[in-house]
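Notes follow once the structure below has been shown.
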Amino acid sequence: MRGSRPLAIALLALAVIFALAAIFYFTQKTSFLASGRPAIHWKHAIVFTVLTLLAVVAANFARPKSINV
Amino acid sequence: MLGAGLILFLAALQGVTELFPVSSLGHAVVVPRLIGLNFNETSPAFVPVLALLHIGTAAALLFLYRRDWVRIIRGFIRAAVRGRIDDPDQRLAIMLVVGTIPTGIIGFLLQDPLKSLFGDPRAASVFLIVNGGILFAAEMFRRRDERRRAVASTQVLAHEEDDPGYQGIDGLSLRTALIVGFFQVGALLPGISRSGITMAAGLVAGLRHEEAARFAFLLATPIILAAGLLEVPNLGADAPTLGVGIGAAALAGVVAYASARFLLRYLRLGRLDPFAYYCAALGAAGLVFIH
């Protein structure tokens with residue numbers, strides 16, 4: 001499969017957004033992005049961490065690779 | 001708070017029904033009401049207790065496919081680092097990731113509206129009937145396909161499943177894995193079976209029955225485990241005692257292991273029709289007797 005540099009960059013950008021969201025949920029007590037009283041939302045933080053990893057892996061798949069003969 | 005006896009009953013029920021294509025969640029919502037057990041499905045402890053039982057079921061699946069999971073995890077790490085797929089283990093690992101993403105994301109986004117359905121046995125009864133219809137339709141499609149192949153082939157097969165046109169998991173494409181993964185989203189509804197809907201999708205995609213079950217079990221494991229681990233902290237003050245919690249999860253796991261072994265053996269020659277009729281009957285009973 002041929003790689004796509006723009007797709008890889010888009011996926012990396014997505015990974016950065018997911019990572020920022022994960023950091024936000026790990027560090028801030030919130031109530032406006034999730035229902036309920038202000039608290040650390042571990043579940044959201046863990047899900048965004050997993051999504052960050054998946055986006056990085058997807059970007060690695062999408063990047064153009066050098067061909068070894 | 002749910003009593004210990006009720007939790008152990010739910011554990012046995014969960015163990016039997018989670019891996020059979022009959023919807024454990026549908027059973028947990030419908031059966032207690034049908035047999036007159038007096039408890040409130042809208043109790044804040046209900047879903048976390050079910051999630052605790054899911055950990056037992058996930059442990060049973062991890063044990064059943066322990067060698068596969070070692071190869072899958074190694075394969076995923078190698079594929080993720082290299083950014084390409086070089087062997088069947090890596091391919092299976094990526095297929096499972098791709099197939100898990102739709103349910104993971106949609107389940108996470110819709111968890112609150114979906115939880116409200118868990119307290120509605122009549123809705124679960126309707127979805128049980130729908131689940132029966134899905135299983136029946138998948139087998140009907142499969143029979144038609146087998147007849148078409150038999151007419152086209154000159155070989156006489158002892159069993160339709162011996163047709164080389166039907167494949168194992170290795171023959172699935174990533175796109176098909178994604179489509180099967182989307183089907184798994186349906187299992188977020190109480191009454192629609194996770195293993196049932198993915199087995200049905202696998203059969204339509206051309207997998208042999210036993211391989212469709214294996215793919216359904218492998219695909220279900222991360223979701224079941226994640227649902228359990230993420231939901232258990234919500235037990236809070238309604239948590240059962242540690243002994244009851246561990247005992248219930250262990251009971252669910254042991255029963256689920258035995259059920260999975262039985263189902264895999266059954267599907268070497270058997271079909272999903274009996275489960276389809278059973279789901280339709282249970283759903284109809286729920287609609288008639290639960291008010």
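In the structure tokens, chains take the letters A, B, ... in the order shown, each chain's residues start at 1, and ligands count up from 1 in the order shown.
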
Check which residues of chain A sit at most 9 Å from stretch 78-92 of chain B using only C-alpha atoms, and return one row each with the closest pair of atoms and their distance in Å to one decimal, ordered by chain and rising number, as CSV.
residue,atom,partner,partner_atom,distance
A:Met1,CA,B:Arg84,CA,8.9
A:Val56,CA,B:Ala80,CA,8.7
A:Val57,CA,B:Ala80,CA,5.3
A:Ala58,CA,B:Gly83,CA,7.9
A:Ala59,CA,B:Gly83,CA,8.2
A:Asn60,CA,B:Gly83,CA,4.8
A:Phe61,CA,B:Gly83,CA,4.2
A:Ala62,CA,B:Gly83,CA,7.6
A:Arg63,CA,B:Gly83,CA,8.0
A:Lys65,CA,B:Gly83,CA,8.6

Would you pick out the contacts of stretch 256-270 of chain B at 6 Å or less, using only C-alpha atoms, so that residues sharing its chain but fewer than 3 positions from it are not included, and give the list as a list in words? Gly15, Val16, Thr57, Ala60, His209, Glu210, Ala252 and Gly253 of chain B

If you keep N, CA, C and O atoms, can you produce a file of those selected residues as a short mmCIF file (atom, residue, chain, number, x, y, z; two decimals), in the first residue's frame?
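Output saved as selection-v9.cif:
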data_model
loop_
_atom_site.label_atom_id
_atom_site.label_comp_id
_atom_site.auth_asym_id
_atom_site.auth_seq_id
_atom_site.Cartn_x
_atom_site.Cartn_y
_atom_site.Cartn_z
N GLY B 15 -22.78 -15.49 32.64
CA GLY B 15 -21.79 -16.44 32.13
C GLY B 15 -22.35 -17.28 31.00
O GLY B 15 -21.68 -17.51 29.99
N VAL B 16 -23.59 -17.74 31.16
CA VAL B 16 -24.19 -18.58 30.11
C VAL B 16 -24.50 -17.77 28.87
O VAL B 16 -24.25 -18.20 27.74
N THR B 57 -16.12 -12.62 32.57
CA THR B 57 -16.30 -13.18 31.23
C THR B 57 -15.08 -12.90 30.35
O THR B 57 -14.62 -13.78 29.61
N ALA B 60 -12.33 -15.17 31.15
CA ALA B 60 -12.55 -16.50 30.56
C ALA B 60 -12.13 -16.51 29.10
O ALA B 60 -11.48 -17.46 28.63
N HIS B 209 -18.63 -21.38 10.38
CA HIS B 209 -19.34 -21.09 11.64
C HIS B 209 -18.39 -20.99 12.83
O HIS B 209 -18.46 -20.06 13.63
N GLU B 210 -17.49 -21.97 12.94
CA GLU B 210 -16.59 -21.99 14.10
C GLU B 210 -15.64 -20.78 14.08
O GLU B 210 -15.36 -20.18 15.13
N ALA B 252 -19.14 -16.08 36.91
CA ALA B 252 -19.45 -15.68 35.52
C ALA B 252 -18.36 -16.18 34.58
O ALA B 252 -18.64 -16.67 33.48
N GLY B 253 -17.09 -16.08 35.02
CA GLY B 253 -15.97 -16.51 34.18
C GLY B 253 -15.98 -18.01 33.92
O GLY B 253 -15.82 -18.45 32.78
#

TODO: Please report, as JSON, numbers by chain, each residue of stretch 115-161 of chain B to which DSSP assigns alpha helix (DSSP H) when run on this structure's backbone.
DONE: {"B": [115, 116, 117, 121, 122, 123, 124, 125, 126, 127, 128, 129, 130, 131, 132, 133, 134, 135, 136, 137, 138, 139, 140, 141, 142, 143, 144, 145, 146, 147, 148, 149, 150, 151, 152]}

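Counting only C-alpha atoms and comparing B:His27, B:His54, B:Arg194, B:His291, the residue that lies closest to B:Gly245 is B:His54.
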
May I have the residues within 10 Å of A:Leu51 as a list of chain:residue names, using only C-alpha atoms and disregarding those fewer than 6 positions away in the same chain?
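Everything that qualifies: A:Leu14, A:Ala15, A:Ile17, A:Phe18, A:Ala19, A:Ala22, A:Ala45, A:Val57, B:Ile101, B:Gly104, B:Ile105.
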
Restricting it to N, CA and C atoms, dump the selection as a PDB file, in the first residue's frame.
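Result saved to out_13.pdb:
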ATOM      1  N   LEU A  14      -4.423  14.964  14.598  1.00  0.00           N
ATOM      2  CA  LEU A  14      -5.527  14.405  15.392  1.00  0.00           C
ATOM      3  C   LEU A  14      -4.985  13.821  16.706  1.00  0.00           C
ATOM      4  N   ALA A  15      -3.815  13.159  16.598  1.00  0.00           N
ATOM      5  CA  ALA A  15      -3.204  12.582  17.796  1.00  0.00           C
ATOM      6  C   ALA A  15      -2.871  13.668  18.816  1.00  0.00           C
ATOM      7  N   ILE A  17      -4.396  16.558  19.149  1.00  0.00           N
ATOM      8  CA  ILE A  17      -5.663  17.027  19.746  1.00  0.00           C
ATOM      9  C   ILE A  17      -6.138  16.041  20.820  1.00  0.00           C
ATOM     10  N   PHE A  18      -6.075  14.743  20.492  1.00  0.00           N
ATOM     11  CA  PHE A  18      -6.488  13.718  21.468  1.00  0.00           C
ATOM     12  C   PHE A  18      -5.593  13.777  22.716  1.00  0.00           C
ATOM     13  N   ALA A  19      -4.288  13.994  22.492  1.00  0.00           N
ATOM     14  CA  ALA A  19      -3.358  14.037  23.628  1.00  0.00           C
ATOM     15  C   ALA A  19      -3.667  15.225  24.532  1.00  0.00           C
ATOM     16  N   ALA A  22      -6.657  14.398  26.500  1.00  0.00           N
ATOM     17  CA  ALA A  22      -6.326  13.446  27.570  1.00  0.00           C
ATOM     18  C   ALA A  22      -5.660  14.164  28.741  1.00  0.00           C
ATOM     19  N   ALA A  45     -10.287  10.551  30.225  1.00  0.00           N
ATOM     20  CA  ALA A  45      -8.835  10.683  30.060  1.00  0.00           C
ATOM     21  C   ALA A  45      -8.240   9.406  29.469  1.00  0.00           C
ATOM     22  N   VAL A  57      -0.410   5.339  15.741  1.00  0.00           N
ATOM     23  CA  VAL A  57      -0.186   4.086  14.989  1.00  0.00           C
ATOM     24  C   VAL A  57      -0.730   4.227  13.565  1.00  0.00           C
TER      25      VAL A  57
ATOM     26  N   ILE B 101     -12.840  -0.323  17.035  1.00  0.00           N
ATOM     27  CA  ILE B 101     -12.956   1.146  17.091  1.00  0.00           C
ATOM     28  C   ILE B 101     -14.416   1.634  17.012  1.00  0.00           C
ATOM     29  N   GLY B 104     -16.202   0.996  20.304  1.00  0.00           N
ATOM     30  CA  GLY B 104     -15.549   1.739  21.377  1.00  0.00           C
ATOM     31  C   GLY B 104     -15.981   3.193  21.371  1.00  0.00           C
ATOM     32  N   ILE B 105     -15.932   3.810  20.197  1.00  0.00           N
ATOM     33  CA  ILE B 105     -16.245   5.243  20.115  1.00  0.00           C
ATOM     34  C   ILE B 105     -17.739   5.487  20.326  1.00  0.00           C
TER      35      ILE B 105
END

* Which neighbours of B:Leu207 fall inside 12 Å, counting only C-alpha atoms, when residues of the same chain fewer than 4 positions from it are skipped, and could you give them as a ChimeraX atom specification? -> /B:138,142,161-173,176-177,180,198-203,211-216,267

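Taking atom CA of B:Ala280 as the reference point, atom CA of B:Gly132 is found at 5.2 Å.
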
Please identify all polymer residues within 9 Å of A:Val16, counting only C-alpha atoms, omitting same-chain residues fewer than 4 positions from it, and present them as a short mmCIF file (atom, residue, chain, number, x, y, z; two decimals) with N, CA and C atoms, in the first residue's frame.
data_model
loop_
_atom_site.label_atom_id
_atom_site.label_comp_id
_atom_site.auth_asym_id
_atom_site.auth_seq_id
_atom_site.Cartn_x
_atom_site.Cartn_y
_atom_site.Cartn_z
N LEU A 11 -3.40 12.71 10.61
CA LEU A 11 -3.56 11.78 11.73
C LEU A 11 -2.70 12.19 12.93
N LEU A 12 -1.50 12.71 12.64
CA LEU A 12 -0.65 13.19 13.74
C LEU A 12 -1.28 14.40 14.42
N LEU A 20 -3.97 16.38 23.91
CA LEU A 20 -4.31 17.56 24.70
C LEU A 20 -5.59 17.31 25.51
N ALA A 21 -6.57 16.65 24.85
CA ALA A 21 -7.81 16.33 25.57
C ALA A 21 -7.53 15.39 26.74
N THR A 52 -5.25 8.62 21.29
CA THR A 52 -3.96 9.22 20.90
C THR A 52 -3.03 8.16 20.33
N ALA A 55 -4.20 6.95 16.95
CA ALA A 55 -3.95 7.93 15.88
C ALA A 55 -2.48 7.93 15.48
N VAL A 56 -1.58 7.77 16.46
CA VAL A 56 -0.14 7.72 16.15
C VAL A 56 0.17 6.47 15.32
#

In Å and to one decimal, atom CA of B:Phe141 is distant from atom CA of B:Val185 by 21.2 Å
